[in-house]
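Source file: target.cif. Holds: mmCIF, C-alpha atoms and all ligand atoms.
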data_input
loop_
_atom_site.label_atom_id
_atom_site.label_comp_id
_atom_site.auth_asym_id
_atom_site.auth_seq_id
_atom_site.Cartn_x
_atom_site.Cartn_y
_atom_site.Cartn_z
CA MET A 264 -1.62 9.36 23.43
CA LYS A 265 0.33 7.02 21.20
CA LEU A 266 0.18 3.32 22.07
CA VAL A 267 3.59 1.86 21.23
CA ILE A 268 3.52 -1.76 22.36
CA PRO A 269 6.99 -2.93 23.52
CA ALA A 270 8.88 -5.83 21.97
CA SER A 271 8.56 -7.70 25.27
CA ALA A 272 4.75 -7.75 25.20
CA GLU A 273 3.05 -11.10 24.61
CA SER A 274 -0.46 -12.35 23.99
CA TRP A 275 -2.20 -15.36 25.50
CA VAL A 276 -3.51 -16.18 21.99
CA ASP A 277 -1.57 -19.08 20.40
CA ALA A 278 1.54 -18.63 18.24
CA VAL A 279 1.06 -15.01 17.30
CA GLN A 280 4.67 -13.86 17.71
CA VAL A 281 5.80 -15.75 14.58
CA SER A 282 3.22 -14.11 12.30
CA ASP A 283 2.80 -10.71 10.63
CA PHE A 284 0.24 -9.94 13.33
CA PRO A 285 1.76 -10.22 16.82
CA ILE A 286 0.45 -8.26 19.81
CA GLN A 287 2.67 -5.31 18.75
CA ASN A 288 0.64 -4.86 15.53
CA LEU A 289 -3.15 -5.11 16.09
CA PRO A 290 -4.33 -3.81 12.69
CA THR A 291 -8.01 -3.34 11.91
CA SER A 292 -10.41 -4.12 9.10
CA VAL A 293 -14.13 -4.08 8.58
CA VAL A 294 -15.16 -7.72 8.10
CA ASP A 295 -18.24 -9.75 7.32
CA SER A 296 -18.65 -12.30 10.11
CA HIS A 297 -21.23 -14.38 11.94
CA LEU A 298 -21.94 -11.23 13.96
CA GLY A 299 -22.60 -9.23 10.81
CA ARG A 300 -20.41 -6.48 9.35
CA VAL A 301 -18.18 -5.31 12.22
CA LEU A 302 -14.79 -3.78 12.84
CA ALA A 303 -12.20 -6.45 13.66
CA VAL A 304 -8.70 -6.39 15.15
CA ARG A 305 -6.30 -9.00 13.83
CA ILE A 306 -4.12 -11.07 16.18
CA GLY A 307 -2.15 -13.94 14.60
CA ASP A 308 -4.58 -16.12 12.68
CA PHE A 309 -7.59 -14.78 14.57
CA ALA A 310 -9.94 -11.81 14.21
CA LEU A 311 -11.25 -10.13 17.35
CA LEU A 312 -14.73 -8.92 16.46
CA MET A 313 -15.26 -5.55 18.14
CA ASP A 314 -19.03 -5.57 18.43
CA GLU A 315 -20.92 -3.68 21.14
CA LYS A 316 -19.82 -6.24 23.77
CA LEU A 317 -16.15 -5.25 23.33
CA MET A 318 -16.19 -1.67 22.05
CA PRO A 319 -14.69 0.92 24.40
CA ASP A 320 -17.09 3.50 25.85
CA GLN A 321 -15.41 6.30 23.92
CA VAL A 322 -13.97 5.97 20.43
CA ASP A 323 -11.78 8.46 18.61
CA ALA A 324 -11.29 9.23 14.91
CA HIS A 325 -7.72 7.91 15.02
CA GLY A 326 -8.66 4.43 16.25
CA ARG A 327 -6.49 4.56 19.37
CA ALA A 328 -9.20 3.69 21.89
CA ILE A 329 -10.17 0.53 19.97
CA ARG A 330 -6.56 -0.56 19.61
CA ALA A 331 -5.92 0.09 23.33
CA LYS A 332 -8.99 -1.94 24.24
CA ALA A 333 -7.89 -4.83 22.01
CA TYR A 334 -4.41 -4.69 23.57
CA GLU A 335 -5.88 -4.94 27.06
CA LEU A 336 -8.13 -7.87 26.10
CA LEU A 337 -5.44 -9.81 24.22
CA SER A 338 -2.35 -9.23 26.39
CA ASP A 339 -3.73 -9.77 29.88
CA SER A 340 -4.36 -13.48 30.51
CA SER A 341 -6.94 -12.56 33.13
CA SER A 342 -8.83 -10.11 30.90
CA ALA A 343 -12.61 -10.26 30.53
CA LEU A 344 -12.09 -11.98 27.16
CA ALA A 345 -9.43 -14.47 28.28
CA LYS A 346 -11.60 -15.71 31.16
CA ASP A 347 -14.87 -16.02 29.26
CA ASN A 348 -15.06 -19.05 26.94
CA ALA A 349 -18.44 -18.09 25.48
CA LEU A 350 -17.16 -14.59 24.65
CA LYS A 351 -14.03 -16.07 23.09
CA ARG A 352 -16.10 -18.44 20.93
CA SER A 353 -18.29 -15.62 19.66
CA ASN A 354 -15.76 -12.78 19.27
CA LEU A 355 -12.29 -14.32 18.73
CA VAL A 356 -12.74 -16.30 15.54
CA PRO A 357 -10.34 -18.04 13.11
CA ILE A 358 -9.35 -15.74 10.28
CA GLN A 359 -10.89 -18.12 7.73
CA GLU A 360 -14.32 -17.38 9.20
CA VAL A 361 -14.29 -13.68 8.35
CA GLN A 362 -14.19 -11.83 5.04
CA PRO A 363 -12.43 -8.45 5.09
CA VAL A 364 -14.35 -5.77 3.21
CA VAL A 365 -12.92 -3.03 0.99
CA ASP A 366 -15.90 -0.76 0.38
CA PRO A 367 -15.10 2.07 -2.05
CA SER A 368 -18.24 3.92 -0.95
CA THR A 369 -16.46 4.57 2.38
CA ILE A 370 -13.34 5.96 0.68
CA PRO A 371 -14.17 9.45 -0.62
CA ALA A 372 -10.91 10.04 -2.49
CA PHE A 373 -7.86 8.25 -3.80
CA VAL A 374 -4.69 10.24 -4.42
CA ASP A 375 -1.59 8.80 -6.06
CA PHE A 376 1.80 10.43 -5.57
CA TYR A 377 5.05 9.89 -7.47
CA SER A 378 7.44 10.06 -4.53
CA GLY A 379 9.63 7.05 -5.31
CA ILE A 380 12.71 8.83 -6.61
CA TYR A 381 14.38 5.74 -8.09
CA HIS A 382 11.18 4.89 -9.99
CA ALA A 383 10.91 8.46 -11.29
CA THR A 384 14.58 8.32 -12.30
CA ASN A 385 14.14 5.01 -14.15
CA VAL A 386 11.08 6.27 -16.01
CA GLY A 387 13.00 9.39 -17.00
CA LYS A 388 15.93 7.33 -18.28
CA MET A 389 13.59 5.15 -20.36
CA PHE A 390 11.35 7.82 -21.86
CA ARG A 391 13.58 10.91 -21.96
CA PRO A 392 17.08 9.46 -22.46
CA GLU A 393 18.36 12.70 -23.96
CA ASN A 394 17.52 14.74 -20.82
CA ALA A 395 18.22 14.66 -17.09
CA PRO A 396 16.17 11.74 -15.68
CA LEU A 397 14.25 13.83 -13.14
CA LEU A 398 12.07 16.67 -14.37
CA PRO A 399 13.04 20.11 -12.95
CA ASN A 400 10.04 20.24 -10.58
CA TYR A 401 10.61 16.85 -8.93
CA LYS A 402 12.52 18.03 -5.84
CA SER A 403 10.28 21.07 -5.38
CA VAL A 404 6.75 19.69 -5.86
CA PRO A 405 5.52 16.32 -4.52
CA ILE A 406 4.07 15.22 -7.88
CA ALA A 407 0.65 13.51 -7.75
CA TYR A 408 -2.77 13.26 -9.33
CA ASN A 409 -6.22 12.99 -7.80
CA GLY A 410 -7.33 9.49 -8.79
CA ARG A 411 -10.46 7.41 -8.66
CA SER A 412 -11.64 5.55 -5.57
CA THR A 413 -14.45 3.52 -7.15
CA SER A 414 -12.01 0.90 -8.48
CA LEU A 415 -10.41 0.15 -5.09
CA ILE A 416 -10.48 -3.58 -4.33
CA GLY A 417 -9.01 -5.93 -1.76
CA SER A 418 -6.79 -8.96 -1.85
CA ASP A 419 -8.03 -11.91 -3.96
CA ALA A 420 -10.26 -9.73 -6.14
CA PRO A 421 -9.67 -10.57 -9.83
CA ILE A 422 -7.92 -8.08 -12.12
CA PHE A 423 -9.84 -7.90 -15.40
CA ARG A 424 -7.46 -7.06 -18.22
CA PRO A 425 -8.69 -3.60 -19.28
CA LYS A 426 -9.39 -2.48 -22.81
CA GLY A 427 -8.24 0.92 -23.91
CA GLN A 428 -7.03 3.09 -26.74
CA VAL A 429 -3.59 2.10 -27.89
CA LYS A 430 -1.56 3.70 -30.67
CA PRO A 431 0.71 1.23 -32.49
CA ALA A 432 3.91 2.82 -33.82
CA ASP A 433 2.97 2.07 -37.43
CA GLY A 434 -0.81 2.44 -37.46
CA PRO A 435 -3.88 4.31 -36.27
CA PRO A 436 -5.21 4.10 -32.69
CA GLU A 437 -7.23 1.02 -31.78
CA TYR A 438 -9.41 -0.05 -28.84
CA VAL A 439 -8.01 -3.36 -27.60
CA PRO A 440 -7.16 -5.27 -24.40
CA THR A 441 -3.91 -3.86 -23.01
CA ARG A 442 -0.77 -5.75 -24.00
CA GLU A 443 1.30 -4.03 -21.32
CA LEU A 444 -0.47 -4.78 -18.05
CA ASP A 445 1.70 -3.90 -15.06
CA PHE A 446 1.72 -3.66 -11.27
CA GLU A 447 3.11 -0.80 -9.20
CA LEU A 448 4.56 -1.52 -5.75
CA GLU A 449 3.22 1.25 -3.55
CA PHE A 450 2.43 1.99 0.08
CA GLY A 451 -0.66 3.84 1.21
CA TYR A 452 -2.43 5.39 4.17
CA PHE A 453 -5.89 6.43 5.29
CA LEU A 454 -6.65 9.78 6.90
CA ALA A 455 -8.91 10.72 9.82
CA GLY A 456 -9.47 14.18 8.41
CA GLY A 457 -7.51 17.22 7.48
CA ASN A 458 -8.27 20.84 6.89
CA PRO A 459 -11.42 22.90 6.34
CA ARG A 460 -11.72 24.40 2.86
CA GLY A 461 -9.58 27.50 2.52
CA SER A 462 -7.02 26.54 5.17
CA CYS A 463 -3.76 24.64 4.89
CA LEU A 464 -2.10 21.95 6.98
CA ALA A 465 1.46 21.93 8.35
CA PRO A 466 3.36 18.67 7.76
CA ASP A 467 3.45 17.64 11.44
CA ALA A 468 -0.28 18.19 11.85
CA ALA A 469 -0.84 16.41 8.54
CA GLU A 470 1.04 13.31 9.66
CA ALA A 471 -1.05 13.13 12.84
CA GLN A 472 -4.11 12.55 10.65
CA ILE A 473 -2.89 9.14 9.43
CA THR A 474 -5.05 6.32 10.83
CA GLY A 475 -3.61 3.27 9.09
CA PHE A 476 -1.17 1.99 6.50
CA VAL A 477 -1.74 -0.58 3.73
CA LEU A 478 0.11 -2.10 0.79
CA VAL A 479 -1.12 -0.69 -2.53
CA ASN A 480 -0.92 -2.17 -6.01
CA ASP A 481 -1.67 0.58 -8.52
CA TRP A 482 -2.40 -1.58 -11.57
CA SER A 483 -1.42 0.10 -14.83
CA ALA A 484 -1.85 -0.35 -18.58
CA ARG A 485 1.38 1.06 -20.02
CA ASP A 486 0.36 1.13 -23.70
CA VAL A 487 -2.87 2.96 -22.86
CA GLN A 488 -0.94 5.33 -20.59
CA ARG A 489 1.57 6.16 -23.32
CA TRP A 490 -1.16 7.31 -25.73
CA GLU A 491 -3.51 9.09 -23.32
CA TYR A 492 -1.29 10.85 -20.78
CA GLN A 493 -0.25 13.93 -22.75
CA PRO A 494 -0.94 16.65 -21.78
CA LEU A 495 -3.10 16.04 -18.67
CA GLY A 496 -1.63 12.89 -17.12
CA PRO A 497 -3.06 9.47 -16.16
CA PHE A 498 -6.72 8.67 -16.74
CA LEU A 499 -8.01 5.25 -17.84
CA ALA A 500 -4.60 3.57 -17.77
CA LYS A 501 -4.73 3.68 -13.97
CA SER A 502 -8.37 3.79 -12.94
CA PHE A 503 -9.48 0.22 -13.78
CA ALA A 504 -8.13 -1.32 -10.56
CA THR A 505 -6.15 -0.41 -7.46
CA SER A 506 -5.83 -3.15 -4.86
CA ILE A 507 -5.02 -2.66 -1.17
CA SER A 508 -4.12 -5.03 1.66
CA GLU A 509 -7.07 -5.32 3.97
CA TRP A 510 -5.59 -5.02 7.48
CA ARG A 511 -4.83 -1.37 8.22
CA VAL A 512 -1.69 -1.07 10.34
CA HIS A 513 -1.92 1.77 12.86
CA PRO A 514 0.89 4.37 12.77
CA ASP A 515 1.63 3.64 16.45
CA ALA A 516 2.50 0.04 15.45
CA ILE A 517 5.38 1.23 13.26
CA GLU A 518 6.47 4.12 15.47
CA LEU A 519 9.63 2.24 16.52
CA PHE A 520 10.69 1.85 12.88
CA ARG A 521 11.09 5.52 11.99
CA LEU A 522 14.22 6.69 10.21
CA ASN A 523 15.58 9.69 8.37
CA GLY A 524 14.76 9.61 4.70
CA ILE A 525 16.79 10.58 1.68
CA GLU A 526 18.38 13.97 2.24
CA GLN A 527 16.31 16.64 0.50
CA ASP A 528 18.45 18.96 -1.57
CA PRO A 529 17.40 21.68 -2.28
CA ALA A 530 15.59 22.19 1.02
CA PRO A 531 11.80 22.11 0.58
CA LEU A 532 9.86 25.37 0.69
CA PRO A 533 8.86 26.34 4.27
CA HIS A 534 5.29 25.00 3.99
CA LEU A 535 6.71 21.53 3.23
CA ALA A 536 9.61 21.66 5.68
CA THR A 537 9.72 18.89 8.27
CA SER A 538 11.97 17.94 11.13
CA GLY A 539 12.73 14.64 12.81
CA ARG A 540 12.40 11.17 11.41
CA GLN A 541 9.52 11.29 8.95
CA HIS A 542 10.17 8.00 7.11
CA TYR A 543 9.92 4.33 8.05
CA ASP A 544 12.00 1.18 7.59
CA ILE A 545 9.41 -1.11 6.00
CA HIS A 546 10.62 -3.97 3.85
CA LEU A 547 8.55 -4.61 0.71
CA GLU A 548 8.51 -7.58 -1.67
CA VAL A 549 6.81 -8.54 -4.94
CA TRP A 550 6.28 -12.17 -5.89
CA LEU A 551 4.98 -13.46 -9.24
CA GLN A 552 3.37 -16.82 -10.02
CA SER A 553 2.21 -17.79 -13.51
CA ALA A 554 -0.65 -20.22 -14.09
CA GLU A 555 1.94 -22.93 -14.82
CA MET A 556 3.98 -22.45 -11.65
CA THR A 557 3.36 -24.26 -8.35
CA SER A 558 4.91 -21.57 -6.15
CA PRO A 559 5.66 -17.87 -6.57
CA GLN A 560 9.06 -16.33 -7.34
CA ARG A 561 10.30 -13.16 -5.69
CA ILE A 562 10.99 -10.56 -8.36
CA CYS A 563 11.50 -7.41 -6.28
CA HIS A 564 12.55 -6.35 -2.80
CA SER A 565 12.41 -2.71 -1.79
CA ASN A 566 11.75 -0.46 1.19
CA THR A 567 9.62 2.58 1.99
CA LYS A 568 12.83 4.41 2.93
CA HIS A 569 13.38 4.95 -0.83
CA LEU A 570 10.67 7.64 -0.92
CA TYR A 571 11.86 11.19 -1.55
CA TRP A 572 8.78 12.92 -0.11
CA SER A 573 7.43 11.82 3.30
CA PHE A 574 3.76 11.09 4.00
CA ALA A 575 3.59 14.32 6.04
CA GLN A 576 4.83 16.32 3.05
CA GLN A 577 2.43 14.59 0.65
CA ILE A 578 -0.59 15.49 2.79
CA ALA A 579 0.64 19.04 3.44
CA HIS A 580 1.13 19.51 -0.30
CA GLN A 581 -2.41 18.34 -1.10
CA ALA A 582 -3.83 20.81 1.45
CA SER A 583 -1.53 23.66 0.45
CA ASN A 584 -4.07 25.26 -1.91
CA GLY A 585 -6.88 25.04 0.66
CA THR A 586 -8.77 22.06 -0.76
CA PRO A 587 -10.41 20.21 2.14
CA ILE A 588 -9.22 16.74 3.13
CA VAL A 589 -12.04 14.66 4.60
CA PRO A 590 -12.15 11.47 6.73
CA GLY A 591 -11.46 8.21 4.92
CA GLU A 592 -9.32 9.51 2.06
CA LEU A 593 -6.64 7.11 0.81
CA TYR A 594 -3.22 8.34 -0.32
CA ALA A 595 -0.62 6.23 -2.10
CA THR A 596 3.07 6.98 -2.39
CA GLY A 597 3.82 6.11 -6.00
CA THR A 598 5.97 3.19 -7.08
CA ILE A 599 8.71 2.45 -4.56
CA SER A 600 11.75 1.16 -6.42
CA GLY A 601 15.16 0.88 -4.82
CA PRO A 602 18.48 1.87 -6.41
CA ASP A 603 19.43 -1.60 -7.69
CA GLU A 604 17.90 -3.81 -10.40
CA GLY A 605 16.39 -6.36 -8.00
CA MET A 606 14.57 -3.52 -6.28
CA PHE A 607 12.46 -2.26 -9.18
CA GLY A 608 8.76 -2.01 -8.30
CA SER A 609 7.10 -2.49 -11.71
CA MET A 610 7.41 -4.76 -14.74
CA LEU A 611 8.13 -1.61 -16.78
CA GLU A 612 11.38 -1.22 -14.88
CA LEU A 613 12.17 -4.91 -14.26
CA SER A 614 11.96 -5.63 -18.01
CA TRP A 615 13.32 -2.17 -18.86
CA ARG A 616 10.35 -1.21 -21.05
CA GLY A 617 10.03 -4.77 -22.39
CA SER A 618 13.61 -4.97 -23.67
CA ARG A 619 14.94 -7.36 -20.97
CA PRO A 620 12.38 -10.08 -20.15
CA ILE A 621 12.64 -11.62 -16.70
CA THR A 622 12.84 -15.41 -16.38
CA LEU A 623 10.46 -17.41 -14.20
CA HIS A 624 12.89 -20.12 -13.13
CA GLU A 625 10.47 -22.91 -12.25
CA THR A 626 9.01 -23.11 -15.76
CA GLY A 627 11.49 -21.14 -17.87
CA GLU A 628 8.73 -18.75 -18.93
CA LEU A 629 9.70 -15.18 -19.84
CA ARG A 630 7.83 -12.05 -18.81
CA THR A 631 7.94 -8.47 -19.95
CA PHE A 632 4.42 -7.46 -18.86
CA LEU A 633 1.73 -9.54 -17.11
CA LEU A 634 -0.20 -12.33 -18.85
CA ASP A 635 -3.62 -13.75 -18.00
CA GLY A 636 -3.33 -16.23 -15.14
CA ASP A 637 -0.41 -14.39 -13.52
CA THR A 638 -0.75 -13.81 -9.78
CA VAL A 639 1.03 -10.81 -8.22
CA ILE A 640 1.70 -10.95 -4.49
CA PHE A 641 2.91 -8.04 -2.34
CA ARG A 642 4.31 -8.55 1.14
CA GLY A 643 5.59 -5.98 3.61
CA TRP A 644 6.78 -5.79 7.19
CA ALA A 645 8.84 -3.85 9.71
CA GLN A 646 11.37 -6.14 11.39
CA GLY A 647 11.68 -5.85 15.16
CA GLU A 648 13.82 -7.82 17.63
CA GLY A 649 12.18 -11.25 17.54
CA TYR A 650 8.93 -10.10 15.94
CA ARG A 651 7.64 -8.31 12.88
CA VAL A 652 4.86 -5.84 12.30
CA GLY A 653 3.48 -7.06 8.98
CA PHE A 654 0.88 -6.20 6.41
CA GLY A 655 -0.04 -9.75 5.35
CA GLU A 656 -0.33 -10.50 1.67
CA LEU A 657 -1.92 -8.52 -1.13
CA ARG A 658 -2.63 -11.10 -3.82
CA ASN A 659 -4.49 -10.63 -7.11
CA THR A 660 -4.70 -12.72 -10.28
CA VAL A 661 -5.05 -11.37 -13.81
CA VAL A 662 -7.98 -12.74 -15.79
CA GLY A 663 -8.89 -12.09 -19.42
CA SER A 664 -11.09 -9.10 -20.22
CA CA B 701 1.02 4.84 -9.31
#
Final structure tokens representation of the file:
Amino acid sequence: MKLVIPASAESWVDAVQVSDFPIQNLPTSVVDSHLGRVLAVRIGDFALLMDEKLMPDQVDAHGRAIRAKAYELLSDSSSALAKDNALKRSNLVPIQEVQPVVDPSTIPAFVDFYSGIYHATNVGKMFRPENAPLLPNYKSVPIAYNGRSTSLIGSDAPIFRPKGQVKPADGPPEYVPTRELDFELEFGYFLAGGNPRGSCLAPDAAEAQITGFVLVNDWSARDVQRWEYQPLGPFLAKSFATSISEWRVHPDAIELFRLNGIEQDPAPLPHLATSGRQHYDIHLEVWLQSAEMTSPQRICHSNTKHLYWSFAQQIAHQASNGTPIVPGELYATGTISGPDEGMFGSMLELSWRGSRPITLHETGELRTFLLDGDTVIFRGWAQGEGYRVGFGELRNTVVGS
């Protein structure tokens, strides 16, 4: 059963309704803590450490029993936790006292889609100006590639400027640090499981396998990408780093923020056909701070509603040839740009392939692509009446290679 926590619900924990993590959210992360490596539920600026003292008797692959238990403990001011000061001291700890863990060895696959239709349109306009911006397959096939999970990292992990093969216009290829380092504003989700090998998955059943959502920055080296991608697609230009926000937001926490997506025309083939509201109203922002700046500047605001293909369709497409999907896989949507210039989700688009540098107003610096010392910050939330279900910050700084 879904656990949709009403707007009227409150927690006895201090000041949580003004944060990204009110009682309506209750996202989870594995953390290192004074109790060891445990699963934690976030509430405001605290982590509830779900060790054996607090774990429900039965757990499920979708995380609902743990979230329901945390809701009971944190909402009821006479709960076993609220009444027990020793238990509170040991298991409800300030967020500064835990370290969220992103462990790639627990993430068997990373898949990156290309479902942001405004991003795909912009890229087409830049690189194929003589043709229609969208390739003929775009509205038929949810375009994607099977990526690399070993480079998944969390917030605050450094981004080492990658080296790669680059082909200057007027010379032979060289192996150098990328000069066109970029971010990609994406959204992602983890899966509880999927289909046995040889069988497929209908979109509705596929969506039910989502266990949590995160912000995703799919770091990219555009000059490396330009030289290597033909004819097989992305390889080293994408696989050096992908960062994710650490607190996984349960699908039930954003259930109230569903909406209809972009109308799909032509209608998808039957195995990708969906009904009902398969998209979400989640506001996304990108902020940039150079080494010289004292505070970050917002350079992009977008929304997950700008995706052409829904999460359900992405998963169903992956499974549609019978490849098995296994627990713990991470899927990302592709860059989510909006229709207007302030909504572009990559430096490639914001600077229009380097031809229109953006100005950092505090210092007057110009940017086409990212320089060493630049910090990129993603934020995202669904806005409710008097509260928000947020994803926190995903923050990474570029360092030299
Ligand atoms: Ca991407």
At a cut-off of 10 Å and counting all atoms listed in the file, what residues surround ligand CA 701 (chain B)? Please answer as a list in words.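 Written in the requested form, the residues are Val374, Asp375, Phe376, Tyr377, Ser378, Gly379, Ala407, Tyr408, Gly410, Phe446, Glu447, Leu448, Glu449, Phe450, Val479, Asn480, Asp481, Trp482, Ser483, Pro497, Lys501, Thr505, Ala595, Thr596, Gly597, Thr598, Ile599 and Ser609 of chain A.
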Do a neighbour search on region 391-400 of chain A at 12 Å with all atoms listed in the file, toss out local chain neighbours closer than 4 positions, and write the hits as number ranges by chain. A: 377-387, 404-407, 529, 531
Top pick for closest residue to Val662 (chain A), considering A:Phe423, A:Phe632, A:Phe373, A:Tyr401 and counting only C-alpha atoms: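 Ranking A:Phe423, A:Phe632, A:Phe373, A:Tyr401 by distance to Val662 (chain A), first place goes to A:Phe423.
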Provide an axis-aligned box for all listed atoms of region 377-391 of chain A, padding each side by 5 Å; report its centre and its edge lengths in Å to one decimal, as AutoDock Vina command-line options.
--center_x 10.5 --center_y 7.9 --center_z -13.2 --size_x 20.9 --size_y 16.0 --size_z 27.4
Of the listed residues A:Leu613, A:Trp572, A:Phe607, A:Leu444, that which approaches Leu634 (chain A) most closely, counting all atoms listed in the file: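 Closest to Leu634 (chain A), using all atoms listed in the file: A:Leu444.
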Work out how far CA of Arg424 (chain A) is from CA of Glu604 (chain A), in Å to one decimal.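 Separating CA of Glu604 (chain A) from CA of Arg424 (chain A) is a distance of 26.7 Å.
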Exercise: region 315-330 of chain A partners within 12 Å, all atoms listed in the file, chain neighbours under 2 positions left out, as a PyMOL selection string: chain A and resi 264-268+286-292+298-299+301-306+311-313+332-338+342-344+350-351+353-355+453-457+470-475+511-516+589-591
Mind checking which residues fall within 10 Å of region 558-563 of chain A, counting all atoms listed in the file, ignoring those fewer than 6 positions away in the same chain, and posting them as JSON, numbers by chain? {"A": [448, 547, 548, 549, 550, 551, 552, 600, 601, 603, 604, 605, 606, 607, 608, 609, 610, 613, 621, 622, 623, 624, 625, 637, 638, 639, 640, 641]}
Tell me which protein, DNA and RNA residues are within 12 Å of Asp308 (chain A), counting only C-alpha atoms, leaving out same-chain ones fewer than 2 positions away, and put them as a PyMOL selection string. chain A and resi 276-286+289+304-306+310-311+355-361+655
